[in-house]
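Peer 1: Below is one structure. I have some questions about it.
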Amino acid sequence: MKKILILNGPNLNLLGTREPAQYGSTTLSDVEAMCKAEGARIGYEVECFQSNWEGALLDKIHEYGRLFKSGDALGCVFNPGAFTHTSIALHDAIKGVDGLPVIECHISNVHAREEFRHHSWVSPAASGIVIGFGVDGYLIALGGLVRKFGNR
Ligand code: DQA
């Protein structure tokens with residue numbers, strides 16, 4: 001069974017209690033369980049990983065770049081949190097693994113928020129973007145990844 005990575009960046013471990021007006025009250029483990037169940041339903045093994053450390057996110061993208069090359073992974077749904085707006089290293093990692101489809105996902109509509117959230121370093125390297133659908137965005141991104149890159 002091919003793998004799909006649900007990757008979450010800084011502060012997303014606080015989902016459920018962090019600014020609920022912005023991000024809702026669903027926890028990260030709820031989101032992860034939802035994605036795993038959907039993956040199982042459509043025939044993919046979903047792995048979930050969250051880190052507050054940029055380097056750990058880079059290492060995970062590199063790992064999935066290798067799994068993609070060996071045919072063992074389909075791609076990745078990635079909410080880079082605030083690193084979206086700061087990290088050229090994440091941009092380079094996605095470009096650097098050359099081929100791994102990454103769907104960028106944001107819970108909130110970043111374009112309706114502060115100006116510093118309007119720019120993403122990840123978007124130019126992403127294969128698709130889902131913004132502003134709340135935590136349902138993860139499932140929308142997962143479905144989009146499979147529709148665009150899966151063989152079903
Ligand atoms: C976010 C939006 C980012 O601007 C913010 O820093 C986050 C969450 C979102 O999912 O809406 O941490 O990526």
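We label chains A, B, ... in the order they appear in the structure tokens, count residues from 1 in each chain, and number ligands from 1 in the order shown.
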Once you count only C-alpha atoms and all ligand atoms, which residues end up within 10 Å of ligand 1, and could you hand them over as a PyMOL selection string?
Peer 2: chain A and resi 8-15+18+22-23+78-86+104-111+113-120+130-135+137-138
Peer 1: Name the residues of region 1-151 of chain A that fall into helix (DSSP H, G or I) according to DSSP on the backbone, using the chain letters and numbers of this document, as a ChimeraX atom specification.
Peer 2: /A:12-14,20-23,28-42,54-69,81-85,88-96,110-112,115-117,123-125,136-149
Peer 1: Calculated over only C-alpha atoms, which of the candidates A:Lys36, A:Arg41, A:Lys148, A:His62 has the smallest distance to Ala89 (chain A)?
Peer 2: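 Going through A:Lys36, A:Arg41, A:Lys148, A:His62 one by one, the smallest distance to Ala89 (chain A) is for A:His62.
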Peer 1: In region 4-86 of chain A, what's strand (DSSP E) per DSSP? Answer as a PDB file with N, CA and C atoms, in the first residue's frame?
Peer 2:
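Result file part-v5.pdb:
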ATOM      1  N   ILE A   4       0.957   8.061   2.177  1.00  0.00           N
ATOM      2  CA  ILE A   4       0.726   9.508   2.051  1.00  0.00           C
ATOM      3  C   ILE A   4       1.102  10.117   3.397  1.00  0.00           C
ATOM      4  N   LEU A   5       1.852  11.214   3.325  1.00  0.00           N
ATOM      5  CA  LEU A   5       2.285  11.886   4.554  1.00  0.00           C
ATOM      6  C   LEU A   5       1.402  13.097   4.841  1.00  0.00           C
ATOM      7  N   ILE A   6       0.889  13.177   6.059  1.00  0.00           N
ATOM      8  CA  ILE A   6       0.214  14.398   6.525  1.00  0.00           C
ATOM      9  C   ILE A   6       1.212  15.093   7.445  1.00  0.00           C
ATOM     10  N   LEU A   7       1.754  16.210   6.973  1.00  0.00           N
ATOM     11  CA  LEU A   7       2.858  16.877   7.656  1.00  0.00           C
ATOM     12  C   LEU A   7       2.386  18.212   8.223  1.00  0.00           C
ATOM     13  N   ASN A   8       2.626  18.418   9.499  1.00  0.00           N
ATOM     14  CA  ASN A   8       2.203  19.659  10.150  1.00  0.00           C
ATOM     15  C   ASN A   8       3.375  20.335  10.834  1.00  0.00           C
ATOM     16  N   GLU A  45      -1.854   4.136   2.876  1.00  0.00           N
ATOM     17  CA  GLU A  45      -1.427   4.176   4.281  1.00  0.00           C
ATOM     18  C   GLU A  45      -1.031   5.609   4.624  1.00  0.00           C
ATOM     19  N   VAL A  46      -1.755   6.211   5.532  1.00  0.00           N
ATOM     20  CA  VAL A  46      -1.474   7.611   5.895  1.00  0.00           C
ATOM     21  C   VAL A  46      -0.567   7.651   7.119  1.00  0.00           C
ATOM     22  N   GLU A  47       0.582   8.324   6.973  1.00  0.00           N
ATOM     23  CA  GLU A  47       1.460   8.576   8.118  1.00  0.00           C
ATOM     24  C   GLU A  47       1.326  10.040   8.505  1.00  0.00           C
ATOM     25  N   CYS A  48       1.267  10.308   9.801  1.00  0.00           N
ATOM     26  CA  CYS A  48       1.135  11.698  10.262  1.00  0.00           C
ATOM     27  C   CYS A  48       2.367  12.085  11.068  1.00  0.00           C
ATOM     28  N   PHE A  49       2.855  13.297  10.821  1.00  0.00           N
ATOM     29  CA  PHE A  49       4.034  13.780  11.533  1.00  0.00           C
ATOM     30  C   PHE A  49       3.877  15.272  11.776  1.00  0.00           C
ATOM     31  N   GLN A  50       4.155  15.690  13.004  1.00  0.00           N
ATOM     32  CA  GLN A  50       4.116  17.125  13.323  1.00  0.00           C
ATOM     33  C   GLN A  50       5.412  17.476  14.032  1.00  0.00           C
ATOM     34  N   ALA A  73       5.593   5.955  -1.969  1.00  0.00           N
ATOM     35  CA  ALA A  73       4.762   7.060  -1.474  1.00  0.00           C
ATOM     36  C   ALA A  73       4.128   7.796  -2.643  1.00  0.00           C
ATOM     37  N   LEU A  74       2.915   8.286  -2.411  1.00  0.00           N
ATOM     38  CA  LEU A  74       2.220   9.068  -3.446  1.00  0.00           C
ATOM     39  C   LEU A  74       2.537  10.552  -3.326  1.00  0.00           C
ATOM     40  N   GLY A  75       2.606  11.036  -2.078  1.00  0.00           N
ATOM     41  CA  GLY A  75       2.833  12.467  -1.892  1.00  0.00           C
ATOM     42  C   GLY A  75       2.546  12.886  -0.472  1.00  0.00           C
ATOM     43  N   CYS A  76       2.340  14.185  -0.317  1.00  0.00           N
ATOM     44  CA  CYS A  76       2.294  14.754   1.023  1.00  0.00           C
ATOM     45  C   CYS A  76       1.292  15.908   1.081  1.00  0.00           C
ATOM     46  N   VAL A  77       0.557  15.979   2.169  1.00  0.00           N
ATOM     47  CA  VAL A  77      -0.274  17.148   2.476  1.00  0.00           C
ATOM     48  C   VAL A  77       0.473  17.903   3.570  1.00  0.00           C
ATOM     49  N   PHE A  78       0.746  19.179   3.349  1.00  0.00           N
ATOM     50  CA  PHE A  78       1.652  19.903   4.248  1.00  0.00           C
ATOM     51  C   PHE A  78       1.052  21.227   4.701  1.00  0.00           C
ATOM     52  N   ASN A  79       0.858  21.339   6.005  1.00  0.00           N
ATOM     53  CA  ASN A  79       0.544  22.644   6.601  1.00  0.00           C
ATOM     54  C   ASN A  79       1.805  23.123   7.318  1.00  0.00           C
TER      55      ASN A  79
END
Peer 1: For a quick check of understanding, using only C-alpha atoms, which of A:Arg147, A:His91, A:Lys69, A:Lys2 has the smallest distance to Leu57 (chain A)?
Peer 2: A:His91
Peer 1: One number please: CA of Ala126 (chain A) to CA of Phe68 (chain A), in Å, one decimal.
Peer 2: 15.1 Å
